[in-house]
$ cat upload.cif   # mmCIF, C-alpha atoms and all ligand atoms
data_entry
loop_
_atom_site.label_atom_id
_atom_site.label_comp_id
_atom_site.auth_asym_id
_atom_site.auth_seq_id
_atom_site.Cartn_x
_atom_site.Cartn_y
_atom_site.Cartn_z
CA MET X 1 0.00 0.00 0.00
CA GLN X 2 1.33 3.45 -0.95
CA LEU X 3 1.84 6.10 1.74
CA PRO X 4 -1.04 8.61 1.81
CA ILE X 5 -0.59 12.04 0.24
CA LYS X 6 -1.39 14.61 2.94
CA ILE X 7 -4.07 17.14 1.95
CA THR X 8 -2.33 20.29 3.22
CA LYS X 9 -2.81 23.98 2.38
CA GLN X 10 0.23 23.71 0.09
CA GLU X 11 -1.41 20.90 -1.92
CA ILE X 12 -4.79 22.67 -1.93
CA LEU X 13 -3.29 25.90 -3.33
CA LYS X 14 -2.15 23.90 -6.38
CA ILE X 15 -5.76 23.08 -7.27
CA TYR X 16 -7.77 26.03 -5.89
CA LYS X 17 -9.18 28.31 -8.61
CA PRO X 18 -10.18 31.85 -7.52
CA ILE X 19 -13.44 33.07 -9.07
CA PRO X 20 -12.62 35.06 -12.26
CA LEU X 21 -13.46 38.79 -12.05
CA ASN X 22 -15.77 38.61 -15.08
CA SER X 23 -17.66 35.51 -13.97
CA HIS X 24 -21.47 35.42 -13.77
CA LYS X 25 -23.99 32.99 -12.37
CA GLY X 26 -24.63 31.45 -15.80
CA ILE X 27 -21.05 30.17 -16.13
CA GLN X 28 -20.30 29.60 -12.44
CA GLY X 29 -21.86 26.11 -12.43
CA HIS X 30 -25.31 24.70 -11.66
CA ALA X 31 -25.53 22.06 -8.91
CA LEU X 32 -28.53 19.75 -8.56
CA ILE X 33 -29.12 18.24 -5.10
CA ILE X 34 -31.52 15.27 -5.11
CA GLY X 35 -32.81 13.94 -1.79
CA GLY X 36 -35.14 14.30 1.13
CA SER X 37 -38.18 12.47 2.46
CA TYR X 38 -40.77 13.21 5.17
CA GLY X 39 -38.87 14.18 8.34
CA LYS X 40 -35.49 14.47 6.59
CA MET X 41 -35.89 17.70 4.60
CA GLY X 42 -33.30 19.40 6.81
CA SER X 43 -30.62 17.33 5.12
CA VAL X 44 -31.47 18.86 1.71
CA CYS X 45 -31.63 22.37 3.20
CA LEU X 46 -28.12 21.89 4.62
CA SER X 47 -26.71 20.33 1.48
CA SER X 48 -28.13 22.84 -0.98
CA LYS X 49 -27.19 25.82 1.21
CA ALA X 50 -23.64 24.47 1.47
CA ALA X 51 -23.59 24.17 -2.33
CA ILE X 52 -24.65 27.79 -2.96
CA LYS X 53 -22.15 28.94 -0.27
CA SER X 54 -19.29 27.11 -2.02
CA GLY X 55 -19.20 29.19 -5.18
CA CYS X 56 -21.50 27.68 -7.79
CA GLY X 57 -23.81 30.11 -9.57
CA LEU X 58 -27.08 28.18 -9.35
CA VAL X 59 -28.45 25.42 -7.13
CA THR X 60 -31.62 23.42 -7.67
CA ALA X 61 -33.00 20.96 -5.12
CA PHE X 62 -35.13 18.02 -6.34
CA ILE X 63 -37.30 16.86 -3.44
CA PRO X 64 -40.66 15.22 -2.63
CA LYS X 65 -43.59 17.66 -2.51
CA CYS X 66 -43.73 17.83 1.30
CA GLY X 67 -40.44 19.74 1.30
CA TYR X 68 -41.44 22.55 -1.07
CA ASP X 69 -42.29 25.27 1.49
CA ILE X 70 -39.50 24.16 3.82
CA LEU X 71 -36.85 24.59 1.11
CA GLN X 72 -38.21 27.81 -0.39
CA ILE X 73 -38.53 29.50 3.01
CA SER X 74 -35.23 28.20 4.44
CA ILE X 75 -33.03 29.12 1.47
CA PRO X 76 -34.53 31.62 -0.99
CA GLU X 77 -31.40 31.46 -3.17
CA VAL X 78 -32.05 27.80 -4.05
CA MET X 79 -34.52 26.77 -6.77
CA VAL X 80 -36.82 23.80 -6.15
CA LEU X 81 -38.25 21.02 -8.31
CA THR X 82 -40.64 18.50 -6.81
CA ASP X 83 -41.44 14.85 -7.39
CA VAL X 84 -45.08 13.87 -8.07
CA GLN X 85 -45.20 12.08 -4.68
CA GLU X 86 -45.76 13.85 -1.39
CA ASN X 87 -43.40 12.13 1.06
CA PHE X 88 -40.58 10.48 -0.93
CA ILE X 89 -38.99 10.50 -4.37
CA THR X 90 -40.47 8.22 -7.06
CA ASN X 91 -39.44 9.67 -10.44
CA ILE X 92 -36.42 11.95 -10.92
CA ASP X 93 -37.66 13.91 -13.91
CA TYR X 94 -36.23 17.34 -14.83
CA THR X 95 -35.39 19.42 -17.88
CA ILE X 96 -32.61 21.58 -16.40
CA LEU X 97 -28.99 20.91 -17.40
CA PRO X 98 -26.96 20.73 -14.18
CA ASN X 99 -23.15 20.57 -14.25
CA ALA X 100 -23.07 18.23 -11.24
CA ILE X 101 -25.52 16.16 -9.19
CA GLY X 102 -25.39 15.28 -5.48
CA ILE X 103 -27.81 12.50 -4.56
CA GLY X 104 -28.83 10.50 -1.50
CA ILE X 105 -29.10 12.75 1.55
CA GLY X 106 -32.26 11.96 3.49
CA ILE X 107 -33.71 10.17 0.44
CA GLY X 108 -34.94 7.03 2.26
CA GLN X 109 -35.11 3.52 0.84
CA GLU X 110 -38.71 3.15 -0.40
CA ILE X 111 -38.84 0.70 -3.31
CA GLU X 112 -40.09 3.46 -5.67
CA THR X 113 -37.15 5.61 -4.57
CA GLN X 114 -34.75 2.74 -5.28
CA ASN X 115 -36.22 2.36 -8.79
CA ALA X 116 -35.98 6.12 -9.41
CA ILE X 117 -32.29 6.03 -8.44
CA GLN X 118 -31.69 3.10 -10.81
CA GLN X 119 -33.39 4.97 -13.69
CA LEU X 120 -31.30 8.09 -13.02
CA LEU X 121 -28.09 6.04 -13.01
CA PHE X 122 -29.11 4.48 -16.36
CA ASP X 123 -29.68 7.87 -17.99
CA ASN X 124 -27.08 10.04 -16.30
CA LYS X 125 -23.87 11.37 -17.88
CA THR X 126 -23.41 14.32 -15.47
CA PRO X 127 -20.61 14.21 -12.82
CA MET X 128 -22.11 12.91 -9.60
CA VAL X 129 -21.61 12.68 -5.84
CA ILE X 130 -23.44 9.79 -4.15
CA ASP X 131 -24.01 9.87 -0.39
CA ALA X 132 -26.07 8.49 2.48
CA GLU X 133 -29.13 6.39 1.64
CA ALA X 134 -28.37 6.32 -2.09
CA LEU X 135 -25.23 4.40 -1.05
CA ASN X 136 -27.36 2.03 1.00
CA VAL X 137 -29.59 1.53 -2.08
CA LEU X 138 -26.45 0.55 -4.04
CA SER X 139 -25.49 -1.87 -1.25
CA LEU X 140 -28.93 -3.46 -1.58
CA ASN X 141 -28.58 -3.61 -5.40
CA PRO X 142 -24.84 -4.10 -6.06
CA THR X 143 -25.31 -4.82 -9.80
CA TRP X 144 -26.27 -1.14 -10.23
CA LEU X 145 -22.69 -0.12 -9.34
CA SER X 146 -21.72 -0.90 -12.94
CA LEU X 147 -24.03 1.96 -14.04
CA LEU X 148 -21.82 4.59 -12.37
CA GLN X 149 -19.91 6.97 -14.63
CA PRO X 150 -16.11 6.84 -14.27
CA LYS X 151 -14.84 9.03 -11.39
CA THR X 152 -18.20 9.23 -9.67
CA ILE X 153 -17.51 10.38 -6.09
CA ILE X 154 -19.00 8.31 -3.27
CA THR X 155 -18.90 9.61 0.32
CA PRO X 156 -19.62 6.79 2.80
CA HIS X 157 -19.25 7.03 6.58
CA PRO X 158 -17.80 3.81 8.10
CA LYS X 159 -21.18 2.05 8.38
CA GLU X 160 -22.13 2.91 4.79
CA LEU X 161 -18.68 1.73 3.65
CA GLU X 162 -19.19 -1.57 5.49
CA ARG X 163 -22.57 -2.04 3.79
CA LEU X 164 -20.84 -1.57 0.40
CA LEU X 165 -17.70 -3.64 1.04
CA GLY X 166 -18.67 -6.13 3.72
CA LYS X 167 -16.88 -6.38 7.07
CA TRP X 168 -13.11 -5.98 7.45
CA ASN X 169 -10.86 -7.38 10.17
CA SER X 170 -8.13 -4.74 10.20
CA GLU X 171 -7.36 -1.22 8.96
CA GLU X 172 -5.09 -2.76 6.33
CA GLU X 173 -7.91 -4.95 5.03
CA LYS X 174 -10.30 -1.98 5.00
CA PHE X 175 -7.91 -0.02 2.77
CA ALA X 176 -7.21 -3.04 0.53
CA LYS X 177 -10.96 -3.62 0.02
CA THR X 178 -11.60 0.08 -0.63
CA ILE X 179 -8.79 0.28 -3.19
CA GLU X 180 -10.11 -2.85 -4.92
CA PHE X 181 -13.61 -1.34 -5.03
CA SER X 182 -12.30 1.97 -6.40
CA LYS X 183 -10.43 0.13 -9.17
CA LYS X 184 -13.30 -2.23 -10.02
CA PHE X 185 -15.86 0.55 -10.51
CA ASP X 186 -13.43 3.42 -11.27
CA VAL X 187 -14.95 5.54 -8.51
CA ILE X 188 -13.42 8.02 -6.04
CA ILE X 189 -14.19 7.01 -2.45
CA VAL X 190 -14.27 9.63 0.31
CA MET X 191 -13.83 7.41 3.40
CA LYS X 192 -15.31 9.78 5.96
CA GLY X 193 -13.93 9.57 9.48
CA ALA X 194 -11.28 11.04 11.75
CA PRO X 195 -9.29 11.63 9.64
CA THR X 196 -11.01 11.33 6.27
CA TYR X 197 -9.14 9.47 3.54
CA ILE X 198 -9.84 9.72 -0.18
CA ILE X 199 -9.11 6.72 -2.39
CA ASP X 200 -8.66 7.11 -6.16
CA ARG X 201 -7.65 3.65 -7.39
CA GLU X 202 -4.27 3.06 -5.67
CA THR X 203 -3.70 6.66 -4.62
CA ILE X 204 -4.60 7.50 -1.03
CA TYR X 205 -5.07 11.08 0.23
CA GLN X 206 -5.26 11.89 3.94
CA ASN X 207 -7.01 15.04 5.15
CA THR X 208 -5.24 17.29 7.68
CA THR X 209 -8.17 19.48 8.78
CA GLY X 210 -11.14 18.84 11.05
CA ASN X 211 -11.85 17.91 14.65
CA PRO X 212 -14.56 16.16 16.71
CA ALA X 213 -16.84 19.22 16.47
CA LEU X 214 -17.81 17.66 13.13
CA ALA X 215 -19.36 14.66 14.92
CA THR X 216 -22.82 16.20 14.62
CA ALA X 217 -25.99 15.47 12.61
CA GLY X 218 -25.93 16.76 9.06
CA SER X 219 -22.17 17.23 8.88
CA GLY X 220 -21.92 14.77 5.98
CA ASP X 221 -24.94 16.29 4.21
CA VAL X 222 -23.05 19.61 4.17
CA LEU X 223 -19.93 17.91 2.76
CA THR X 224 -21.98 16.49 -0.12
CA GLY X 225 -23.22 20.00 -0.98
CA ILE X 226 -19.69 21.45 -0.92
CA ILE X 227 -18.21 18.74 -3.17
CA THR X 228 -21.18 18.87 -5.59
CA SER X 229 -20.73 22.65 -5.88
CA LEU X 230 -17.01 22.33 -6.66
CA LEU X 231 -17.76 19.60 -9.21
CA ALA X 232 -20.32 21.91 -10.85
CA GLN X 233 -17.58 24.57 -11.08
CA ASN X 234 -15.60 22.24 -13.30
CA TYR X 235 -13.06 21.02 -10.76
CA GLU X 236 -11.75 17.57 -11.66
CA PRO X 237 -13.54 14.99 -9.47
CA ILE X 238 -10.44 14.22 -7.39
CA ASP X 239 -9.78 17.95 -6.88
CA ALA X 240 -13.42 18.59 -5.90
CA ALA X 241 -13.18 15.76 -3.35
CA THR X 242 -9.87 16.88 -1.79
CA LEU X 243 -10.71 20.61 -1.75
CA GLY X 244 -14.19 19.88 -0.38
CA VAL X 245 -12.95 17.66 2.44
CA TYR X 246 -10.18 20.16 3.32
CA LEU X 247 -12.54 23.18 3.48
CA HIS X 248 -15.20 21.20 5.43
CA GLY X 249 -12.65 20.29 8.13
CA LEU X 250 -11.13 23.78 8.13
CA THR X 251 -14.48 25.38 9.07
CA ALA X 252 -14.46 23.37 12.31
CA ASP X 253 -10.84 24.30 13.04
CA ILE X 254 -11.57 28.01 12.54
CA ALA X 255 -14.79 27.86 14.57
CA LEU X 256 -13.41 25.88 17.52
CA PRO X 257 -12.25 28.84 19.69
CA GLU X 258 -15.72 30.40 19.35
CA THR X 259 -18.06 27.37 19.46
CA GLY X 260 -16.10 24.70 21.31
CA HIS X 261 -16.69 21.11 20.26
CA GLN X 262 -20.14 20.95 21.83
CA SER X 263 -21.93 23.93 20.31
CA PHE X 264 -20.75 23.50 16.72
CA ILE X 265 -23.59 22.24 14.50
CA ALA X 266 -23.78 21.45 10.79
CA SER X 267 -25.11 24.95 10.02
CA ASP X 268 -21.86 26.31 11.50
CA ILE X 269 -19.88 24.49 8.80
CA ILE X 270 -21.89 26.57 6.32
CA ASN X 271 -21.46 29.76 8.41
CA TYR X 272 -17.67 29.39 8.51
CA LEU X 273 -17.21 28.40 4.85
CA GLY X 274 -16.44 32.02 3.91
CA LYS X 275 -13.58 32.25 6.41
CA ALA X 276 -12.25 28.89 5.17
CA PHE X 277 -12.24 30.08 1.53
CA VAL X 278 -10.56 33.37 2.52
CA THR X 279 -7.54 31.48 3.95
CA LEU X 280 -6.85 30.31 0.38
CA GLU X 281 -6.69 33.89 -0.94
CA ASN X 282 -3.88 34.91 1.47
N1 LIG Q 1 -31.56 16.91 9.55
C1 LIG Q 1 -31.67 15.88 8.74
O1 LIG Q 1 -32.59 15.78 7.92
C2 LIG Q 1 -30.63 14.82 8.81
C3 LIG Q 1 -30.73 13.76 7.93
N2 LIG Q 1 -29.80 12.78 7.88
C4 LIG Q 1 -30.02 11.71 6.91
O2 LIG Q 1 -30.46 10.59 7.63
C5 LIG Q 1 -30.21 9.41 6.89
C6 LIG Q 1 -29.63 8.36 7.80
O3 LIG Q 1 -28.25 8.64 8.02
P1 LIG Q 1 -27.40 8.00 9.19
O4 LIG Q 1 -25.97 8.20 8.84
O5 LIG Q 1 -27.85 8.52 10.51
O6 LIG Q 1 -27.83 6.46 9.18
P2 LIG Q 1 -26.97 5.14 9.03
O7 LIG Q 1 -27.79 4.02 9.51
O8 LIG Q 1 -26.41 5.01 7.67
O9 LIG Q 1 -25.74 5.38 10.01
C7 LIG Q 1 -25.88 5.33 11.37
C8 LIG Q 1 -25.09 4.13 11.88
O10 LIG Q 1 -23.74 4.25 11.43
C9 LIG Q 1 -22.88 4.35 12.52
N3 LIG Q 1 -21.83 5.36 12.23
C10 LIG Q 1 -22.01 6.56 11.69
N4 LIG Q 1 -20.82 7.22 11.63
C11 LIG Q 1 -19.91 6.38 12.13
C12 LIG Q 1 -18.52 6.47 12.36
N5 LIG Q 1 -17.82 7.57 12.04
N6 LIG Q 1 -17.89 5.41 12.88
C13 LIG Q 1 -18.58 4.30 13.19
N7 LIG Q 1 -19.89 4.15 13.01
C14 LIG Q 1 -20.55 5.18 12.50
C15 LIG Q 1 -23.74 4.79 13.69
O11 LIG Q 1 -23.24 4.38 14.92
C16 LIG Q 1 -25.05 4.10 13.38
O12 LIG Q 1 -25.02 2.73 13.77
C17 LIG Q 1 -29.29 9.82 5.72
O13 LIG Q 1 -30.04 9.89 4.55
C18 LIG Q 1 -28.83 11.21 6.11
O14 LIG Q 1 -28.56 12.00 4.97
C19 LIG Q 1 -28.62 12.78 8.76
O15 LIG Q 1 -27.59 13.34 7.99
C20 LIG Q 1 -28.85 13.59 10.01
C21 LIG Q 1 -29.51 14.93 9.77
N1 LIG Q 2 -14.20 13.08 15.27
C1 LIG Q 2 -14.21 13.60 14.04
N2 LIG Q 2 -13.13 14.26 13.55
C2 LIG Q 2 -13.14 14.77 12.31
N3 LIG Q 2 -14.20 14.68 11.46
C3 LIG Q 2 -15.29 14.04 11.88
C4 LIG Q 2 -15.36 13.47 13.19
N4 LIG Q 2 -16.60 12.90 13.31
C5 LIG Q 2 -17.26 13.11 12.16
N5 LIG Q 2 -16.47 13.79 11.29
C6 LIG Q 2 -16.84 14.18 9.92
O1 LIG Q 2 -18.21 14.56 9.89
C7 LIG Q 2 -18.86 14.02 8.74
C8 LIG Q 2 -19.97 13.07 9.17
O2 LIG Q 2 -20.66 12.60 8.04
P1 LIG Q 2 -21.94 11.67 8.20
O3 LIG Q 2 -21.69 10.58 9.16
O4 LIG Q 2 -22.36 11.31 6.82
O5 LIG Q 2 -23.00 12.69 8.84
P2 LIG Q 2 -24.56 12.96 8.51
O6 LIG Q 2 -25.08 11.76 7.77
O7 LIG Q 2 -25.21 13.14 9.85
O8 LIG Q 2 -24.63 14.19 7.69
C9 LIG Q 2 -17.77 13.37 7.91
O9 LIG Q 2 -17.22 14.28 7.00
C10 LIG Q 2 -16.72 13.00 8.98
O10 LIG Q 2 -15.41 12.90 8.46
MG MG Q 3 -24.27 10.96 6.07
#

$ encode --input "upload.cif" --output "structure tokens"
Amino acid sequence: MQLPIKITKQEILKIYKPIPLNSHKGIQGHALIIGGSYGKMGSVCLSSKAAIKSGCGLVTAFIPKCGYDILQISIPEVMVLTDVQENFITNIDYTILPNAIGIGIGIGQEIETQNAIQQLLFDNKTPMVIDAEALNVLSLNPTWLSLLQPKTIITPHPKELERLLGKWNSEEEKFAKTIEFSKKFDVIIVMKGAPTYIIDRETIYQNTTGNPALATAGSGDVLTGIITSLLAQNYEPIDAATLGVYLHGLTADIALPETGHQSFIASDIINYLGKAFVTLEN
């Protein structure tokens, strides 16, 4: 196994692209966040707000009908498309042309939702981030993994990773299985944890930012929004993953003196994103 490449500020500055002075929202990237179900709309609010706060020009959320008012009132900057069903997603039908898609947060595992995810994977050619329950749907239907476009980014926490790979008996075996999976399906795997590692075939990246303040509900939903936004801004998938993970952790490091570990919540990741981006301009 190769030694991990540390994701430091020095490495990040090689890939970070400041926003051009003459940019406008029409060329700054359009992110589509697909997710949510009754009782889990907060996850889509967090993810789509994180996306619009990470530099892309437009964000659309695709959600079940029950989330319409919640989304529109919580984040007026984000556009909303709704499924025909009230409480969960059954048919992911849209005419917009997003530059990147983030799917899975709070989406549930209803059979109609599973079928809608399969249909999207059949049709989709847009760069994609897959998280949360969409990963569990893939674990339930492993043959669908062959539908993923090359360099799709998947962002499992340890339990979601275990559902995809099966159990491991040691750290070494966990990495060996993850590398094998990345090679087999040509996907980038963000192995969320403390620290987070990113696996791109045999290359391993190790994040250097973050702290236990991030152990809070919705923290991963926010990460999905950040990475999807960067992907929509035309970052290469591996660069979107490394920059996203670095900035996400950095928000918690910057916030720590003010919030402590206990009072930091997922919305604070979004609140501190600006300060995290500014460190890259100096
Ligand atoms: N406000 C909201 O609407 C929220 C919605 N969420 C959504 O809720 C759904 C369920 O997500 P969950 O992740 O809770 O459910 P899961 O069942 O996938 O994960 C929870 C299980 O994984 C274990 N686990 C998680 N992180 C771990 C770690 N770092 N090390 C070891 N074990 C770990 C937990 O102990 C628990 O057994 C997802 O779709 C998610 O997007 C959550 O993100 C929470 C906030
Ligand atoms: N102790 C910790 N140190 C650093 N990062 C952490 C720690 N605990 C959790 N995180 C980060 O928080 C995020 C949690 O994601 P996830 O479990 O998907 O949350 P949720 O599903 O509630 O949104 C991941 O990015 C993970 O790396
Ligand atoms: Mg999660």

$ residues_near_point --input "upload.cif" --point "(-1.4, 22.7, 3.0)" --cutoff "10 Å" --atoms "all atoms listed in the file" --output "ChimeraX atom specification"
/X:6-14,207-209,246,280

$ atom_distance --input "upload.cif" --atom1 "atom CA of X:Ala134" --atom2 "atom N2 of ligand LIG 2 (chain Q)"
23.2 Å

$ residues_near_ligand --input "upload.cif" --ligand "ligand LIG 1 (chain Q)" --cutoff "7 Å" --atoms "all atoms listed in the file" --output "list in words"
Gly39, Lys40, Met41, Gly42, Ser43, Gly104, Ile105, Gly106, Ile107, Gly108, Ala132, Glu133, His157, Pro158, Lys159, Glu160, Lys192, Gly193, Ala217, Gly218, Ser219, Gly220 and Asp221 of chain X

$ write_last_selection --input "upload.cif" --atoms "C-alpha atoms" --output "mmCIF file, in the frame of the given file"
data_model
loop_
_atom_site.group_PDB
_atom_site.id
_atom_site.type_symbol
_atom_site.label_atom_id
_atom_site.label_comp_id
_atom_site.auth_asym_id
_atom_site.auth_seq_id
_atom_site.Cartn_x
_atom_site.Cartn_y
_atom_site.Cartn_z
ATOM 1 C CA GLY X 39 -38.870 14.180 8.340
ATOM 2 C CA LYS X 40 -35.490 14.470 6.590
ATOM 3 C CA MET X 41 -35.890 17.700 4.600
ATOM 4 C CA GLY X 42 -33.300 19.400 6.810
ATOM 5 C CA SER X 43 -30.620 17.330 5.120
ATOM 6 C CA GLY X 104 -28.830 10.500 -1.500
ATOM 7 C CA ILE X 105 -29.100 12.750 1.550
ATOM 8 C CA GLY X 106 -32.260 11.960 3.490
ATOM 9 C CA ILE X 107 -33.710 10.170 0.440
ATOM 10 C CA GLY X 108 -34.940 7.030 2.260
ATOM 11 C CA ALA X 132 -26.070 8.490 2.480
ATOM 12 C CA GLU X 133 -29.130 6.390 1.640
ATOM 13 C CA HIS X 157 -19.250 7.030 6.580
ATOM 14 C CA PRO X 158 -17.800 3.810 8.100
ATOM 15 C CA LYS X 159 -21.180 2.050 8.380
ATOM 16 C CA GLU X 160 -22.130 2.910 4.790
ATOM 17 C CA LYS X 192 -15.310 9.780 5.960
ATOM 18 C CA GLY X 193 -13.930 9.570 9.480
ATOM 19 C CA ALA X 217 -25.990 15.470 12.610
ATOM 20 C CA GLY X 218 -25.930 16.760 9.060
ATOM 21 C CA SER X 219 -22.170 17.230 8.880
ATOM 22 C CA GLY X 220 -21.920 14.770 5.980
ATOM 23 C CA ASP X 221 -24.940 16.290 4.210
#

$ atom_distance --input "upload.cif" --atom1 "atom CA of X:Thr113" --atom2 "atom CA of X:Ile73"
25.1 Å

$ closest_residue --input "upload.cif" --among "X:Ile154, X:Leu223, X:Leu164, X:Leu243" --to "X:Val44" --atoms "all atoms listed in the file"
X:Leu223

$ residues_near_point --input "upload.cif" --point "(-11.5, 18.6, 6.5)" --cutoff "8 Å" --atoms "all atoms listed in the file" --output "VMD selection string"
chain X and resid 195 to 196 207 to 210 244 to 251

$ residues_around --input "upload.cif" --residues "X:Glu112" --least-positions-apart "4" --cutoff "9 Å" --atoms "all atoms listed in the file" --output "NGL selection string"
:X and (88-91 or 116-117)

$ residues_around --input "upload.cif" --residues "X:Tyr197" --least-positions-apart "2" --cutoff "6 Å" --atoms "all atoms listed in the file" --output "MDAnalysis selection string"
chainID X and resid 191 205:206

$ atom_distance --input "upload.cif" --atom1 "atom CA of X:Ile198" --atom2 "atom CA of X:Ile63"
28.6 Å

$ closest_residue --input "upload.cif" --among "X:Thr126, X:Asn115, X:Thr95, X:Gln72" --to "X:Lys151" --atoms "all atoms listed in the file"
X:Thr126

$ closest_residue --input "upload.cif" --among "X:Asn124, X:Arg163, X:Gln119, X:Met79" --to "X:Asn136" --atoms "all atoms listed in the file"
X:Arg163

$ closest_residue --input "upload.cif" --among "X:Cys66, X:Leu121, X:Ile34, X:Ile19" --to "X:Ile103" --atoms "all atoms listed in the file"
X:Ile34

$ residues_around --input "upload.cif" --residues "X:Phe181" --least-positions-apart "3" --cutoff "12 Å" --atoms "all atoms listed in the file" --output "ChimeraX atom specification"
/X:142,145-146,154,161-162,164-166,174-178,184-189,199-202

$ write_last_selection --input "upload.cif" --atoms "C-alpha atoms" --output "compact mmCIF listing (two decimals), keeping the file's coordinate frame"
# COMPACT_ATOMS: atom_id res chain seq x y z
CA PRO X 142 -24.84 -4.10 -6.06
CA LEU X 145 -22.69 -0.12 -9.34
CA SER X 146 -21.72 -0.90 -12.94
CA ILE X 154 -19.00 8.31 -3.27
CA LEU X 161 -18.68 1.73 3.65
CA GLU X 162 -19.19 -1.57 5.49
CA LEU X 164 -20.84 -1.57 0.40
CA LEU X 165 -17.70 -3.64 1.04
CA GLY X 166 -18.67 -6.13 3.72
CA LYS X 174 -10.30 -1.98 5.00
CA PHE X 175 -7.91 -0.02 2.77
CA ALA X 176 -7.21 -3.04 0.53
CA LYS X 177 -10.96 -3.62 0.02
CA THR X 178 -11.60 0.08 -0.63
CA LYS X 184 -13.30 -2.23 -10.02
CA PHE X 185 -15.86 0.55 -10.51
CA ASP X 186 -13.43 3.42 -11.27
CA VAL X 187 -14.95 5.54 -8.51
CA ILE X 188 -13.42 8.02 -6.04
CA ILE X 189 -14.19 7.01 -2.45
CA ILE X 199 -9.11 6.72 -2.39
CA ASP X 200 -8.66 7.11 -6.16
CA ARG X 201 -7.65 3.65 -7.39
CA GLU X 202 -4.27 3.06 -5.67

$ closest_residue --input "upload.cif" --among "X:Ile92, X:Tyr38, X:Lys49, X:Lys25" --to "X:Lys65" --atoms "all atoms listed in the file"
X:Tyr38

$ residues_around --input "upload.cif" --residues "X:Asn99" --least-positions-apart "5" --cutoff "8 Å" --atoms "only C-alpha atoms" --output "JSON list (two decimals) with C-alpha atoms, in the coordinates of the input"
[["chain", "number", "residue", "atom", "x", "y", "z"],
["X", 29, "GLY", "CA", -21.86, 26.11, -12.43],
["X", 30, "HIS", "CA", -25.31, 24.70, -11.66],
["X", 31, "ALA", "CA", -25.53, 22.06, -8.91],
["X", 32, "LEU", "CA", -28.53, 19.75, -8.56],
["X", 126, "THR", "CA", -23.41, 14.32, -15.47],
["X", 127, "PRO", "CA", -20.61, 14.21, -12.82],
["X", 231, "LEU", "CA", -17.76, 19.60, -9.21],
["X", 232, "ALA", "CA", -20.32, 21.91, -10.85],
["X", 233, "GLN", "CA", -17.58, 24.57, -11.08],
["X", 234, "ASN", "CA", -15.60, 22.24, -13.30]]

$ decode --input "upload.cif" --residues "stretch 246-257 of chain X" --atoms "N, CA and C atoms" --output "JSON list (two decimals), in the first residue's frame"
[["chain", "number", "residue", "atom", "x", "y", "z"],
["X", 246, "TYR", "N", -11.09, 19.24, 2.61],
["X", 246, "TYR", "CA", -10.18, 20.16, 3.32],
["X", 246, "TYR", "C", -10.95, 21.36, 3.89],
["X", 247, "LEU", "N", -11.79, 21.99, 3.04],
["X", 247, "LEU", "CA", -12.54, 23.18, 3.48],
["X", 247, "LEU", "C", -13.53, 22.83, 4.60],
["X", 248, "HIS", "N", -14.21, 21.69, 4.44],
["X", 248, "HIS", "CA", -15.20, 21.20, 5.43],
["X", 248, "HIS", "C", -14.53, 21.09, 6.80],
["X", 249, "GLY", "N", -13.38, 20.44, 6.85],
["X", 249, "GLY", "CA", -12.65, 20.29, 8.13],
["X", 249, "GLY", "C", -12.15, 21.63, 8.65],
["X", 250, "LEU", "N", -11.70, 22.49, 7.73],
["X", 250, "LEU", "CA", -11.13, 23.78, 8.13],
["X", 250, "LEU", "C", -12.18, 24.66, 8.83],
["X", 251, "THR", "N", -13.44, 24.57, 8.40],
["X", 251, "THR", "CA", -14.48, 25.38, 9.07],
["X", 251, "THR", "C", -14.52, 25.06, 10.56],
["X", 252, "ALA", "N", -14.40, 23.79, 10.89],
["X", 252, "ALA", "CA", -14.46, 23.37, 12.31],
["X", 252, "ALA", "C", -13.22, 23.83, 13.07],
["X", 253, "ASP", "N", -12.07, 23.83, 12.38],
["X", 253, "ASP", "CA", -10.84, 24.30, 13.04],
["X", 253, "ASP", "C", -10.91, 25.80, 13.32],
["X", 254, "ILE", "N", -11.45, 26.55, 12.36],
["X", 254, "ILE", "CA", -11.57, 28.01, 12.54],
["X", 254, "ILE", "C", -12.60, 28.32, 13.63],
["X", 255, "ALA", "N", -13.69, 27.57, 13.64],
["X", 255, "ALA", "CA", -14.79, 27.86, 14.57],
["X", 255, "ALA", "C", -14.48, 27.49, 16.01],
["X", 256, "LEU", "N", -13.60, 26.50, 16.20],
["X", 256, "LEU", "CA", -13.41, 25.88, 17.52],
["X", 256, "LEU", "C", -13.24, 26.86, 18.69],
["X", 257, "PRO", "N", -12.39, 27.91, 18.55],
["X", 257, "PRO", "CA", -12.25, 28.84, 19.69],
["X", 257, "PRO", "C", -13.55, 29.55, 20.04]]
